[in-house]
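Trainee: Next up is a structure, given as structure tokens.
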Amino acid sequence: MSEAELSVIIPTYNEHDNVRPIIAKLEAALTGIAWEAIFVDDDSPDGTAREVKEVSKDKPNIKVLHRIGRRGLSSACIEGMHLSTAAYMAVIDGDMQHDETRLPLMLERMKNGADIVVGTRYAGEGGTGDWGAARLGMSKFATCLGNFLLRKNRTSDPMSGFFMLSRELFDEVAGKLASDGFKILLDILASSKRKLKVQEVAYTFRTREFGESKLTLSVLGDFAMLLIDKSIGRFIPAKFVMFAVVGCIGLLLHLCILGILNLVFRVEFVYAQIVATLVAIICNFYFNNIFTFGDTALKGFKRVVGFVLFLLICGVGAIPNVMLAKYLYSGHIYWMGAGAAGLVVTAIWNYAVSSRFVWRK
């Protein structure tokens with residue numbers, strides 16, 4: 001087979017039943033085009049990588065990168081693109097919800113000078129299929145946030161997972177892309193410092209035939225992390241910002257529970273404080289595991305061990321908090337300022353140690 005002109009990058013996790021059908025669809029859609037498919041599989045327990053390897057024995061243009069100990073849609077796409085030598089690269093989901101018949105038109109647009117072509121659900125004849133009102137509303141809200149971040153490289157569907165770009169554009173932004181997260185298109189558009197030639201091709205999002213949806217709370221967390229990283233990430237690490245946000249939510253929850261127990265149910269202050277503290281720590285751990293450290297989220301028994309470590313770290317972090325606050329307050333610093341300084345020290349300690357020992361990669 002001659003060298004591929006187009007590489008189709010397909011990130012997968014538990015898509016065994018979709019491997020052969022999507023290859024057949026690509027073969028039908030890309031007739032006459034020198035193409036290859038690069039499956040990037042995150043060690044799927046259902047044997048997705050093994051299935052691709054079996055198919056590749058008779059089809060040299062089908063390849064698989066079987067990743068062990070690494071996961072995440074964005075990093076999978078990035079590694080797949082690095083593996084490719086084609087002039088053009090497309091990203092398409094492995095669940096056949098994207099319309100592969102639009103790939104030839106996208107390739108034609110690329111050859112006519114586009115830097116990137118976005119498969120859009122929100123322009124022309126595009127559509128979202130059988131989405132409910134809640135999911136559609138969330139998607140459109142995320143689209144507005146995404147375009148607010150982009151400004152100069154806007155598109156009607158910056159959250160799309162279906163797009164094609166040139167080798168030159170990828171080489172330009174590769175070093176700036178975040179490996180965490182799932183919205184690789186938004187990251188590419190935001191990472192380019194120049195005004196790109198962005199074009200769109202409309203398609204209708206299909207209903208999944210096999211497997212389960214990957215849309216979870218952690219996906220929303222990844223999106224929030226990307227927005228933070230591309231807006232203020234150059235000044236403050238995005239994960240620390242998210243960790244602080246979760247901490248603020250935990251603080252508000254702590255105060256609410258403390259007030260309800262002590263003022264409404266007349267629970268003695270010390271006991272109310274203990275309960276409120278434990279609930280806040282549990283919630284902080286839970287939300288950090290989903291949102292802040294979603295790329296290394298703990299599961300099963302590891303989550304139990306991680307919570308115990310997190311509890312110990314928070315306990316140790318309370319010591320410098322109290323000591324600093326007491327020192328500042330004794331020096332006639334207003335109580336609110338002294339308390340805030342103590343909280344900042346604790347937040348930095350908890351984040352630094354937790355990221356190193358609880359959610360380590």
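In the structure tokens, the first chain shown is A, the next is B, and so on; residue numbers restart at 1 for each chain, and ligands run from 1 in the order shown.
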Write out as a ChimeraX atom specification all residues of range 118-271 of chain A that DSSP puts in alpha helix (DSSP H) for this structure's backbone.

Mentor: /A:133-150,167-173,184-191,217-232,238-259,269-271

Trainee: Please provide as a ChimeraX atom specification all residues within 7 Å of range 235-241 of chain A, with the sequence filter that same-chain residues fewer than 5 positions apart are discarded (counting only C-alpha atoms).

Mentor: /A:225,228-229,292,351

Trainee: Restricted to N, CA, C and O atoms, what would the selected residues look like written as a compact mmCIF listing (two decimals), in the first residue's frame?

Mentor:
```txt
# COMPACT_ATOMS: atom_id res chain seq x y z
N MET A 225 -11.69 22.07 33.36
CA MET A 225 -10.24 22.17 33.51
C MET A 225 -9.60 22.79 32.27
O MET A 225 -8.68 23.60 32.37
N ILE A 228 -10.22 26.55 32.23
CA ILE A 228 -9.34 27.21 33.20
C ILE A 228 -7.92 27.28 32.67
O ILE A 228 -7.25 28.31 32.74
N ASP A 229 -7.45 26.16 32.12
CA ASP A 229 -6.07 26.08 31.64
C ASP A 229 -5.80 27.07 30.51
O ASP A 229 -4.76 27.73 30.49
N THR A 292 -11.10 17.45 39.67
CA THR A 292 -9.71 17.92 39.69
C THR A 292 -8.74 16.88 39.16
O THR A 292 -7.84 17.19 38.37
N TYR A 351 -3.11 20.49 48.32
CA TYR A 351 -3.01 20.24 46.88
C TYR A 351 -1.68 19.58 46.53
O TYR A 351 -1.64 18.57 45.82
```

Trainee: List the neighbours of Ser84 in chain A out to 9 Å using only C-alpha atoms; skip same-chain residues closer than 4 positions along the sequence, and give me the result as a PyMOL selection string.

Mentor: chain A and resi 4+6-7+9+36+38+79-80+89

Trainee: Can I get the selected residues back with all heavy atoms, as a compact mmCIF listing (two decimals), in the first residue's frame?

Mentor:
```
# COMPACT_ATOMS: atom_id res chain seq x y z
N ALA A 4 -0.11 6.70 3.22
CA ALA A 4 -1.44 7.25 3.42
C ALA A 4 -1.43 8.77 3.29
O ALA A 4 -0.53 9.45 3.79
CB ALA A 4 -1.96 6.86 4.79
N LEU A 6 -4.32 10.35 4.25
CA LEU A 6 -5.19 10.69 5.36
C LEU A 6 -5.09 9.63 6.45
O LEU A 6 -5.22 8.43 6.18
CB LEU A 6 -6.65 10.78 4.89
CG LEU A 6 -7.72 10.91 5.97
CD1 LEU A 6 -7.59 12.25 6.70
CD2 LEU A 6 -9.11 10.75 5.37
N SER A 7 -4.86 10.07 7.67
CA SER A 7 -4.90 9.18 8.84
C SER A 7 -6.17 9.47 9.61
O SER A 7 -6.45 10.62 9.95
CB SER A 7 -3.69 9.40 9.75
OG SER A 7 -2.50 8.97 9.15
N ILE A 9 -7.76 8.98 13.06
CA ILE A 9 -7.41 8.64 14.44
C ILE A 9 -8.69 8.27 15.19
O ILE A 9 -9.65 9.06 15.23
CB ILE A 9 -6.73 9.83 15.15
CG1 ILE A 9 -5.62 10.42 14.26
CG2 ILE A 9 -6.20 9.39 16.51
CD1 ILE A 9 -4.53 9.46 13.90
N GLU A 36 -5.41 5.47 6.18
CA GLU A 36 -5.13 4.48 7.21
C GLU A 36 -5.98 4.83 8.43
O GLU A 36 -6.38 5.99 8.62
CB GLU A 36 -3.65 4.49 7.59
CG GLU A 36 -3.19 5.78 8.24
CD GLU A 36 -1.72 5.78 8.63
OE1 GLU A 36 -1.06 4.75 8.42
OE2 GLU A 36 -1.25 6.80 9.15
N ILE A 38 -5.86 4.60 12.57
CA ILE A 38 -5.01 4.36 13.74
C ILE A 38 -5.91 4.33 14.98
O ILE A 38 -6.38 5.37 15.44
CB ILE A 38 -3.93 5.44 13.90
CG1 ILE A 38 -3.05 5.48 12.65
CG2 ILE A 38 -3.10 5.18 15.15
CD1 ILE A 38 -1.99 6.59 12.69
N GLU A 79 -1.32 11.18 20.76
CA GLU A 79 -0.37 10.10 20.47
C GLU A 79 -0.63 9.49 19.10
O GLU A 79 0.31 9.12 18.38
CB GLU A 79 -0.44 9.04 21.57
CG GLU A 79 0.13 9.50 22.90
CD GLU A 79 0.31 8.36 23.89
OE1 GLU A 79 0.63 7.24 23.44
OE2 GLU A 79 0.15 8.59 25.09
N GLY A 80 -1.91 9.37 18.74
CA GLY A 80 -2.25 8.84 17.42
C GLY A 80 -1.75 9.74 16.31
O GLY A 80 -1.24 9.27 15.27
N MET A 89 -5.05 14.64 8.98
CA MET A 89 -5.47 13.72 10.04
C MET A 89 -6.88 14.06 10.48
O MET A 89 -7.20 15.23 10.71
CB MET A 89 -4.50 13.82 11.23
CG MET A 89 -3.08 13.39 10.90
SD MET A 89 -1.91 13.77 12.22
CE MET A 89 -1.83 15.55 12.11
```

Trainee: Please identify all polymer residues within 9 Å of range 151-154 of chain A, counting only C-alpha atoms, omitting same-chain residues fewer than 6 positions from it, and present them as an MDAnalysis selection string.

Mentor: chainID A and resid 189:190 192 194:198

Trainee: Could you write out that same residue set with N, CA and C atoms as a PDB file, in the first residue's frame?

Mentor:
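Saved result, result_11.pdb, follows:
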```pdb
ATOM      1  N   LEU A 189      -7.865  24.722  18.727  1.00  0.00           N
ATOM      2  CA  LEU A 189      -8.273  26.054  18.280  1.00  0.00           C
ATOM      3  C   LEU A 189      -7.771  27.139  19.222  1.00  0.00           C
ATOM      4  N   ALA A 190      -7.772  26.842  20.522  1.00  0.00           N
ATOM      5  CA  ALA A 190      -7.331  27.828  21.506  1.00  0.00           C
ATOM      6  C   ALA A 190      -5.818  27.950  21.567  1.00  0.00           C
ATOM      7  N   SER A 192      -3.612  27.744  19.030  1.00  0.00           N
ATOM      8  CA  SER A 192      -2.979  28.409  17.891  1.00  0.00           C
ATOM      9  C   SER A 192      -2.968  29.912  18.116  1.00  0.00           C
ATOM     10  N   ARG A 194      -2.433  32.116  15.749  1.00  0.00           N
ATOM     11  CA  ARG A 194      -2.817  32.834  14.541  1.00  0.00           C
ATOM     12  C   ARG A 194      -4.288  32.603  14.191  1.00  0.00           C
ATOM     13  N   LYS A 195      -4.782  33.432  13.320  1.00  0.00           N
ATOM     14  CA  LYS A 195      -6.141  33.278  12.818  1.00  0.00           C
ATOM     15  C   LYS A 195      -6.156  32.122  11.828  1.00  0.00           C
ATOM     16  N   LEU A 196      -6.872  31.071  12.179  1.00  0.00           N
ATOM     17  CA  LEU A 196      -6.896  29.872  11.345  1.00  0.00           C
ATOM     18  C   LEU A 196      -7.979  29.945  10.277  1.00  0.00           C
ATOM     19  N   LYS A 197      -7.763  29.213   9.199  1.00  0.00           N
ATOM     20  CA  LYS A 197      -8.801  29.050   8.184  1.00  0.00           C
ATOM     21  C   LYS A 197      -9.668  27.867   8.612  1.00  0.00           C
ATOM     22  N   VAL A 198     -10.727  28.184   9.341  1.00  0.00           N
ATOM     23  CA  VAL A 198     -11.625  27.168   9.897  1.00  0.00           C
ATOM     24  C   VAL A 198     -12.838  27.017   8.989  1.00  0.00           C
TER      25      VAL A 198
END
```

Trainee: Enter the distance from CA of Leu83 in chain A to CA of Gln199 in chain A, in Å, rounded to one decimal.

Mentor: 25.1 Å

Trainee: Env of Ala352 in chain A: 12 Å cut, atoms = only C-alpha atoms, seq-sep filter 3 positions within chain, self excluded. Answer as a ChimeraX atom specification.

Mentor: /A:237,239-240,243-244,310,313-314,317,345-349,355-360

Trainee: Val118 in chain A: which residues within 9 Å, counting only C-alpha atoms, same-chain residues fewer than 3 positions away excluded, as a list in words?

Mentor: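 Final neighbour list, sorted by chain and number: Met106, Thr155, Ser156, Asp157, Pro158, Ser160, Gly161, Phe162, Phe163, Met164, Leu165, Leu185, Val198, Gln199, Glu200, Val201 and Ala202 of chain A.
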
Trainee: Produce a file of the selected residues containing all heavy atoms, as a CSV table (one decimal), in the first residue's frame.

Mentor:
```csv
chain,number,residue,atom,x,y,z
A,106,MET,N,-14.6,16.7,3.8
A,106,MET,CA,-13.7,17.4,4.7
A,106,MET,C,-12.3,17.4,4.1
A,106,MET,O,-11.6,18.4,4.2
A,106,MET,CB,-13.7,16.7,6.1
A,106,MET,CG,-15.1,16.8,6.8
A,106,MET,SD,-15.2,15.7,8.2
A,106,MET,CE,-14.3,16.7,9.4
A,155,THR,N,-16.1,28.6,16.0
A,155,THR,CA,-16.8,27.7,15.1
A,155,THR,C,-18.2,27.4,15.7
A,155,THR,O,-18.4,27.6,16.9
A,155,THR,CB,-16.1,26.4,14.9
A,155,THR,OG1,-16.9,25.5,14.2
A,155,THR,CG2,-15.6,25.8,16.2
A,156,SER,N,-19.1,27.0,15.0
A,156,SER,CA,-20.5,26.7,15.5
A,156,SER,C,-20.5,25.5,16.4
A,156,SER,O,-21.4,25.3,17.2
A,156,SER,CB,-21.5,26.5,14.4
A,156,SER,OG,-21.1,25.3,13.6
A,157,ASP,N,-19.4,24.7,16.4
A,157,ASP,CA,-19.4,23.5,17.2
A,157,ASP,C,-18.0,23.2,17.8
A,157,ASP,O,-17.3,22.2,17.4
A,157,ASP,CB,-19.9,22.3,16.4
A,157,ASP,CG,-20.3,21.1,17.3
A,157,ASP,OD1,-20.1,21.2,18.5
A,157,ASP,OD2,-20.8,20.1,16.7
A,158,PRO,N,-17.5,24.1,18.7
A,158,PRO,CA,-16.1,23.9,19.2
A,158,PRO,C,-16.0,22.7,20.1
A,158,PRO,O,-14.9,22.3,20.4
A,158,PRO,CB,-15.9,25.2,20.0
A,158,PRO,CG,-17.2,25.6,20.4
A,158,PRO,CD,-18.1,25.2,19.3
A,160,SER,N,-17.1,19.7,19.2
A,160,SER,CA,-17.2,18.5,18.3
A,160,SER,C,-16.0,17.6,18.5
A,160,SER,O,-14.8,18.1,18.7
A,160,SER,CB,-17.3,19.0,16.9
A,160,SER,OG,-17.3,17.9,16.0
A,161,GLY,N,-16.2,16.3,18.4
A,161,GLY,CA,-15.1,15.4,18.5
A,161,GLY,C,-14.8,14.8,17.1
A,161,GLY,O,-14.1,13.8,17.0
A,162,PHE,N,-15.4,15.5,16.1
A,162,PHE,CA,-15.2,15.0,14.7
A,162,PHE,C,-14.7,16.1,13.9
A,162,PHE,O,-15.3,17.2,13.6
A,162,PHE,CB,-16.6,14.6,14.2
A,162,PHE,CG,-16.7,14.1,12.8
A,162,PHE,CD1,-15.6,13.3,12.2
A,162,PHE,CD2,-17.8,14.3,12.0
A,162,PHE,CE1,-15.7,12.9,11.0
A,162,PHE,CE2,-17.9,13.9,10.7
A,162,PHE,CZ,-16.8,13.1,10.2
A,163,PHE,N,-13.4,16.0,13.5
A,163,PHE,CA,-12.7,17.1,12.7
A,163,PHE,C,-11.5,16.6,12.0
A,163,PHE,O,-11.1,15.4,12.2
A,163,PHE,CB,-12.3,18.2,13.7
A,163,PHE,CG,-11.3,17.8,14.7
A,163,PHE,CD1,-10.0,17.9,14.5
A,163,PHE,CD2,-11.8,17.3,15.9
A,163,PHE,CE1,-9.0,17.5,15.5
A,163,PHE,CE2,-10.8,16.9,16.9
A,163,PHE,CZ,-9.5,17.0,16.7
A,164,MET,N,-11.0,17.4,11.1
A,164,MET,CA,-9.8,17.1,10.3
A,164,MET,C,-8.9,18.3,10.3
A,164,MET,O,-9.3,19.4,10.2
A,164,MET,CB,-10.2,16.7,8.9
A,164,MET,CG,-9.1,16.2,8.0
A,164,MET,SD,-9.6,15.8,6.3
A,164,MET,CE,-10.8,14.4,6.6
A,165,LEU,N,-7.6,18.0,10.4
A,165,LEU,CA,-6.6,19.1,10.4
A,165,LEU,C,-5.4,18.7,9.6
A,165,LEU,O,-5.2,17.6,9.3
A,165,LEU,CB,-6.2,19.5,11.9
A,165,LEU,CG,-5.3,18.6,12.6
A,165,LEU,CD1,-4.7,19.3,13.8
A,165,LEU,CD2,-5.9,17.3,13.1
A,185,LEU,N,-10.4,19.3,20.1
A,185,LEU,CA,-10.7,20.3,19.1
A,185,LEU,C,-10.6,21.7,19.7
A,185,LEU,O,-9.9,22.6,19.2
A,185,LEU,CB,-12.0,20.1,18.4
A,185,LEU,CG,-12.5,21.3,17.5
A,185,LEU,CD1,-11.5,21.4,16.4
A,185,LEU,CD2,-13.9,21.0,17.0
A,198,VAL,N,-10.7,28.2,9.3
A,198,VAL,CA,-11.6,27.2,9.9
A,198,VAL,C,-12.8,27.0,9.0
A,198,VAL,O,-13.5,28.0,8.7
A,198,VAL,CB,-12.1,27.5,11.3
A,198,VAL,CG1,-13.0,26.5,11.9
A,198,VAL,CG2,-10.9,27.8,12.2
A,199,GLN,N,-13.1,25.8,8.5
A,199,GLN,CA,-14.3,25.5,7.7
A,199,GLN,C,-15.1,24.5,8.4
A,199,GLN,O,-14.6,23.8,9.3
A,199,GLN,CB,-13.9,25.1,6.3
A,199,GLN,CG,-13.2,26.2,5.5
A,199,GLN,CD,-13.2,25.9,4.0
A,199,GLN,OE1,-14.0,25.1,3.5
A,199,GLN,NE2,-12.3,26.6,3.3
A,200,GLU,N,-16.4,24.3,8.0
A,200,GLU,CA,-17.3,23.4,8.7
A,200,GLU,C,-18.0,22.5,7.7
A,200,GLU,O,-18.2,22.9,6.5
A,200,GLU,CB,-18.4,24.2,9.5
A,200,GLU,CG,-17.8,25.0,10.6
A,200,GLU,CD,-18.9,25.8,11.4
A,200,GLU,OE1,-20.0,25.9,10.8
A,200,GLU,OE2,-18.6,26.1,12.5
A,201,VAL,N,-18.3,21.3,8.1
A,201,VAL,CA,-19.1,20.4,7.3
A,201,VAL,C,-20.2,19.8,8.3
A,201,VAL,O,-19.9,19.3,9.3
A,201,VAL,CB,-18.3,19.2,6.8
A,201,VAL,CG1,-19.2,18.1,6.2
A,201,VAL,CG2,-17.3,19.7,5.7
A,202,ALA,N,-21.4,20.0,7.9
A,202,ALA,CA,-22.5,19.6,8.8
A,202,ALA,C,-22.7,18.1,8.7
A,202,ALA,O,-22.5,17.4,7.7
A,202,ALA,CB,-23.8,20.3,8.3
```
